[in-house]
Amino acid sequence: MSPGRESVLPHDHDVTFYDADSHLVDELAEFVMDGLALGESILLVATPEHHALLAATLAAAGCLLDDAASRGQYVAVDAAATSATFIRDGSARADLFFSHVGGLLERVARSGRPVRVFGEMVALLWQEGNVTAAIEVERLWNRLARLQRFSLLCGYPASSLTCAADLASVRSVCEVHSEVLPPASYEVGEAGDIAAGGSIETRVFVATPPAIRAVRQLVSETLRAWGLDALVPDATLLVSELATNAMRHASSPFRAAITRSAGTLRISVEDLGSSEPRLRPADLERLGGRGVALVDAMSMSWGCEPAPAGKVVWCELPVAQRRAV
């Protein structure tokens, strides 16, 4: 557990970012089957669509929920309806949260079994644009865990990152969890749809080690889609350095952008750190610390500019102009 995560969380409170509903449902199927095998009680606070998909996936795997549900070991409730019990005027009321959600947990825990919970009320609030309330609810879960024992998994679609208004909100979500599980696409290197005729591609990444591979893949696939294959080796190395600095020195989610204009390709990484990178003389005794020197040596130009809540570090490469035939 990272020391910056809500002081010391009294329970497991993980968050998973998923690329597609099928990825979430597969993860939930494993989550439920593991819980049942361990004799735990399970509370699923999800959308009707995810409840239905999960039931079908578990049935196909030979895991029928009727018996567990009949003895109170498996309880499924609607995320939107549950959220409505404590959201008032767009804000999460702590007293109502403890009364309704805490009461629900007490009923599930009456058997004396350990309780594991999956919830996506926070994802629904985020998708509605109510990011503040989503973070409030995450913190209320942590407060509730000081009164009742349970483990919790929250799920957000990865698209929540792309449409995030600011990196500070993404970091706040990550900090209230004990572990951040990145989208599967980070591991397999899928950058998603890229417009061949576009001039800019941008993504937000959570600060996990696989994010470096994912941002390299984004740059590689973008340049190939734009017909700039020759720039891929240098550009992927440069974005690796910029993204690594964002994670290592700012401990921050980051926004990567690839932009092309006449004769120039710009790669930029925005993070929440305040310290600017500085070019220093090489120290032959140190194993690291050469990232800025590498960016300076490989790029046409580079720099650092202030952002609303941090900074943007950028570098540029020349784009060879194609001759008219």
# chains A, B, ... in the order shown; residues from 1 in each chain; ligands from 1
>>> residues_around(residues="Ala133 of chain A", least_positions_apart="5", cutoff="12 Å", atoms="only C-alpha atoms", output="ChimeraX atom specification")
/A:83,86-94,121-128,138-140,169,172-173
>>> residues_around(residues="Leu147 of chain A", least_positions_apart="2", cutoff="12 Å", atoms="only C-alpha atoms", output="PDB file with C-alpha atoms, in the first residue's frame")
ATOM      1  CA  PRO A  10      -8.282  -0.058   7.564  1.00  0.00           C
ATOM      2  CA  HIS A  11      -9.361  -2.468   4.828  1.00  0.00           C
ATOM      3  CA  PHE A  98     -24.147   5.292   6.964  1.00  0.00           C
ATOM      4  CA  GLY A 102     -24.186   0.726   6.466  1.00  0.00           C
ATOM      5  CA  GLY A 103     -27.543  -0.905   7.222  1.00  0.00           C
ATOM      6  CA  LEU A 105     -23.812  -4.156   5.042  1.00  0.00           C
ATOM      7  CA  GLU A 106     -25.037  -5.079   8.528  1.00  0.00           C
ATOM      8  CA  LEU A 140     -17.408   7.580   2.984  1.00  0.00           C
ATOM      9  CA  TRP A 141     -16.681   3.935   2.182  1.00  0.00           C
ATOM     10  CA  ASN A 142     -13.345   4.349   3.982  1.00  0.00           C
ATOM     11  CA  ARG A 143     -15.048   5.947   6.982  1.00  0.00           C
ATOM     12  CA  LEU A 144     -17.603   3.143   7.072  1.00  0.00           C
ATOM     13  CA  ALA A 145     -14.773   0.598   7.071  1.00  0.00           C
ATOM     14  CA  ARG A 149     -15.329  -4.995   8.417  1.00  0.00           C
ATOM     15  CA  PHE A 150     -15.453  -5.637   4.672  1.00  0.00           C
TER      16      PHE A 150
END
>>> atom_distance(atom1="atom CA of Val180 of chain A", atom2="atom CA of Val15 of chain A")
5.2 Å
>>> closest_residue(among="A:Val313, A:Ala262, A:Ile267, A:Val176", to="Thr222 of chain A", atoms="only C-alpha atoms")
A:Ile267
>>> closest_residue(among="A:Leu294, A:Ile258, A:Val117, A:Val170", to="Ser151 of chain A", atoms="only C-alpha atoms")
A:Val117
>>> atom_distance(atom1="atom CA of Arg224 of chain A", atom2="atom CA of Leu237 of chain A")
15.3 Å
>>> select_by_dssp(residues="segment 30-130 of chain A", states="strand (DSSP E)", output="PyMOL selection string")
chain A and resi 41-46+74-78+87-88+91-92+115-119
>>> write_last_selection(atoms="C-alpha atoms", output="mmCIF file, in the first residue's frame")
data_model
loop_
_atom_site.group_PDB
_atom_site.id
_atom_site.type_symbol
_atom_site.label_atom_id
_atom_site.label_comp_id
_atom_site.auth_asym_id
_atom_site.auth_seq_id
_atom_site.Cartn_x
_atom_site.Cartn_y
_atom_site.Cartn_z
ATOM 1 C CA SER A 41 -20.744 -13.146 1.789
ATOM 2 C CA ILE A 42 -20.928 -10.967 -1.306
ATOM 3 C CA LEU A 43 -22.688 -7.661 -1.835
ATOM 4 C CA LEU A 44 -22.870 -6.495 -5.435
ATOM 5 C CA VAL A 45 -23.913 -2.873 -5.952
ATOM 6 C CA ALA A 46 -24.029 -2.717 -9.738
ATOM 7 C CA TYR A 74 -25.099 -13.312 -2.256
ATOM 8 C CA VAL A 75 -26.965 -9.988 -2.295
ATOM 9 C CA ALA A 76 -27.359 -7.920 -5.459
ATOM 10 C CA VAL A 77 -28.726 -4.366 -5.418
ATOM 11 C CA ASP A 78 -29.082 -1.642 -8.030
ATOM 12 C CA ILE A 87 -27.389 11.752 -2.636
ATOM 13 C CA ARG A 88 -29.147 15.039 -1.933
ATOM 14 C CA SER A 91 -23.873 15.818 -2.660
ATOM 15 C CA ALA A 92 -23.374 12.666 -0.607
ATOM 16 C CA VAL A 115 -17.991 -9.637 3.477
ATOM 17 C CA ARG A 116 -16.649 -8.589 0.117
ATOM 18 C CA VAL A 117 -18.343 -5.763 -1.806
ATOM 19 C CA PHE A 118 -18.286 -4.587 -5.389
ATOM 20 C CA GLY A 119 -19.629 -1.106 -6.052
#
>>> closest_residue(among="A:Ala59, A:Val215, A:Ile200, A:Ala69", to="Arg266 of chain A", atoms="only C-alpha atoms")
A:Ile200
>>> residues_around(residues="Ala225 of chain A", least_positions_apart="3", cutoff="10 Å", atoms="only C-alpha atoms", output="list in words")
Asp193, Ile194, Ala195, Ala196, Gly197, Gly198, Val219, Ser220, Glu221, Thr222, Leu228 and Asp229 of chain A
>>> write_last_selection(atoms="N, CA and C atoms", output="PDB file, in the first residue's frame")
ATOM      1  N   ASP A 193      -8.867   3.385 -30.777  1.00  0.00           N
ATOM      2  CA  ASP A 193      -9.060   3.981 -32.102  1.00  0.00           C
ATOM      3  C   ASP A 193      -8.217   5.235 -32.257  1.00  0.00           C
ATOM      4  N   ILE A 194      -7.526   5.332 -33.401  1.00  0.00           N
ATOM      5  CA  ILE A 194      -6.713   6.502 -33.728  1.00  0.00           C
ATOM      6  C   ILE A 194      -7.072   6.947 -35.137  1.00  0.00           C
ATOM      7  N   ALA A 195      -7.389   8.218 -35.286  1.00  0.00           N
ATOM      8  CA  ALA A 195      -7.784   8.752 -36.587  1.00  0.00           C
ATOM      9  C   ALA A 195      -6.547   8.977 -37.454  1.00  0.00           C
ATOM     10  N   ALA A 196      -6.532   8.346 -38.630  1.00  0.00           N
ATOM     11  CA  ALA A 196      -5.383   8.476 -39.524  1.00  0.00           C
ATOM     12  C   ALA A 196      -5.190   9.918 -39.982  1.00  0.00           C
ATOM     13  N   GLY A 197      -6.275  10.663 -40.113  1.00  0.00           N
ATOM     14  CA  GLY A 197      -6.157  12.038 -40.591  1.00  0.00           C
ATOM     15  C   GLY A 197      -6.117  13.065 -39.479  1.00  0.00           C
ATOM     16  N   GLY A 198      -5.954  12.612 -38.249  1.00  0.00           N
ATOM     17  CA  GLY A 198      -5.984  13.542 -37.125  1.00  0.00           C
ATOM     18  C   GLY A 198      -4.679  14.294 -36.959  1.00  0.00           C
ATOM     19  N   VAL A 219       1.855   6.210 -28.594  1.00  0.00           N
ATOM     20  CA  VAL A 219       2.702   6.997 -29.503  1.00  0.00           C
ATOM     21  C   VAL A 219       3.030   6.202 -30.759  1.00  0.00           C
ATOM     22  N   SER A 220       3.391   4.941 -30.596  1.00  0.00           N
ATOM     23  CA  SER A 220       3.748   4.105 -31.738  1.00  0.00           C
ATOM     24  C   SER A 220       2.584   3.958 -32.722  1.00  0.00           C
ATOM     25  N   GLU A 221       1.406   3.612 -32.204  1.00  0.00           N
ATOM     26  CA  GLU A 221       0.260   3.411 -33.087  1.00  0.00           C
ATOM     27  C   GLU A 221      -0.197   4.719 -33.722  1.00  0.00           C
ATOM     28  N   THR A 222      -0.093   5.820 -32.990  1.00  0.00           N
ATOM     29  CA  THR A 222      -0.480   7.114 -33.548  1.00  0.00           C
ATOM     30  C   THR A 222       0.423   7.489 -34.713  1.00  0.00           C
ATOM     31  N   LEU A 228       4.057   8.263 -40.042  1.00  0.00           N
ATOM     32  CA  LEU A 228       5.334   8.779 -39.544  1.00  0.00           C
ATOM     33  C   LEU A 228       6.131   7.662 -38.874  1.00  0.00           C
ATOM     34  N   ASP A 229       6.181   6.516 -39.535  1.00  0.00           N
ATOM     35  CA  ASP A 229       6.829   5.334 -38.970  1.00  0.00           C
ATOM     36  C   ASP A 229       8.283   5.589 -38.580  1.00  0.00           C
TER      37      ASP A 229
END
>>> atom_distance(atom1="atom CA of Thr132 of chain A", atom2="atom CA of Asp95 of chain A")
17.5 Å
>>> closest_residue(among="A:Ala84, A:His23, A:Glu30, A:Thr16", to="Ala61 of chain A", atoms="only C-alpha atoms")
A:Glu30
>>> closest_residue(among="A:Ser275, A:Ser199, A:Asn130, A:Thr264", to="Met300 of chain A", atoms="only C-alpha atoms")
A:Thr264
>>> residues_around(residues="Val206 of chain A", least_positions_apart="5", cutoff="9 Å", atoms="only C-alpha atoms", output="list in words")
Leu161, Val170, Arg171, Cys174, Val180, Pro182, Ala211, Ser252, Pro253 and Phe254 of chain A
>>> select_by_dssp(residues="segment 25-240 of chain A", states="helix (DSSP H, G or I)", output="PyMOL selection string")
chain A and resi 25-37+48-60+66-70+79-84+94-111+121-127+131-144+159-162+167-175+184-188+210-225+229-240
>>> decode(residues="segment 65-83 of chain A", atoms="N, CA and C atoms", output="CSV table (one decimal), in the first residue's frame")
chain,number,residue,atom,x,y,z
A,65,LEU,N,-26.3,-18.8,-8.7
A,65,LEU,CA,-26.3,-18.0,-7.6
A,65,LEU,C,-27.5,-18.2,-6.7
A,66,ASP,N,-28.5,-19.0,-7.2
A,66,ASP,CA,-29.8,-19.1,-6.4
A,66,ASP,C,-29.6,-19.6,-5.0
A,67,ASP,N,-28.7,-20.6,-4.9
A,67,ASP,CA,-28.5,-21.2,-3.5
A,67,ASP,C,-27.9,-20.2,-2.6
A,68,ALA,N,-26.8,-19.5,-3.1
A,68,ALA,CA,-26.1,-18.5,-2.3
A,68,ALA,C,-27.1,-17.3,-2.0
A,69,ALA,N,-27.9,-16.9,-2.9
A,69,ALA,CA,-28.8,-15.8,-2.7
A,69,ALA,C,-29.9,-16.3,-1.6
A,70,SER,N,-30.4,-17.5,-1.7
A,70,SER,CA,-31.4,-18.0,-0.8
A,70,SER,C,-30.9,-18.0,0.7
A,71,ARG,N,-29.7,-18.2,0.9
A,71,ARG,CA,-29.1,-18.2,2.3
A,71,ARG,C,-28.5,-16.9,2.7
A,72,GLY,N,-28.7,-15.9,1.8
A,72,GLY,CA,-28.2,-14.5,2.1
A,72,GLY,C,-26.7,-14.4,1.9
A,73,GLN,N,-26.1,-15.3,1.2
A,73,GLN,CA,-24.6,-15.2,1.0
A,73,GLN,C,-24.3,-14.3,-0.2
A,74,TYR,N,-25.3,-14.1,-1.1
A,74,TYR,CA,-25.1,-13.3,-2.3
A,74,TYR,C,-26.3,-12.3,-2.3
A,75,VAL,N,-25.9,-11.0,-2.3
A,75,VAL,CA,-27.0,-10.0,-2.3
A,75,VAL,C,-26.6,-9.0,-3.4
A,76,ALA,N,-27.6,-8.8,-4.3
A,76,ALA,CA,-27.4,-7.9,-5.5
A,76,ALA,C,-28.4,-6.8,-5.4
A,77,VAL,N,-27.9,-5.5,-5.4
A,77,VAL,CA,-28.7,-4.4,-5.4
A,77,VAL,C,-28.3,-3.4,-6.6
A,78,ASP,N,-29.3,-2.6,-6.9
A,78,ASP,CA,-29.1,-1.6,-8.0
A,78,ASP,C,-28.2,-0.4,-7.6
A,79,ALA,N,-27.2,-0.1,-8.4
A,79,ALA,CA,-26.3,0.9,-8.0
A,79,ALA,C,-27.0,2.3,-8.0
A,80,ALA,N,-27.7,2.6,-9.0
A,80,ALA,CA,-28.4,3.9,-9.1
A,80,ALA,C,-29.4,4.1,-8.0
A,81,ALA,N,-30.2,3.1,-7.7
A,81,ALA,CA,-31.2,3.2,-6.7
A,81,ALA,C,-30.6,3.3,-5.3
A,82,THR,N,-29.5,2.6,-5.1
A,82,THR,CA,-28.8,2.7,-3.8
A,82,THR,C,-28.2,4.1,-3.6
A,83,SER,N,-27.6,4.6,-4.7
A,83,SER,CA,-27.0,5.9,-4.6
A,83,SER,C,-28.1,7.0,-4.3
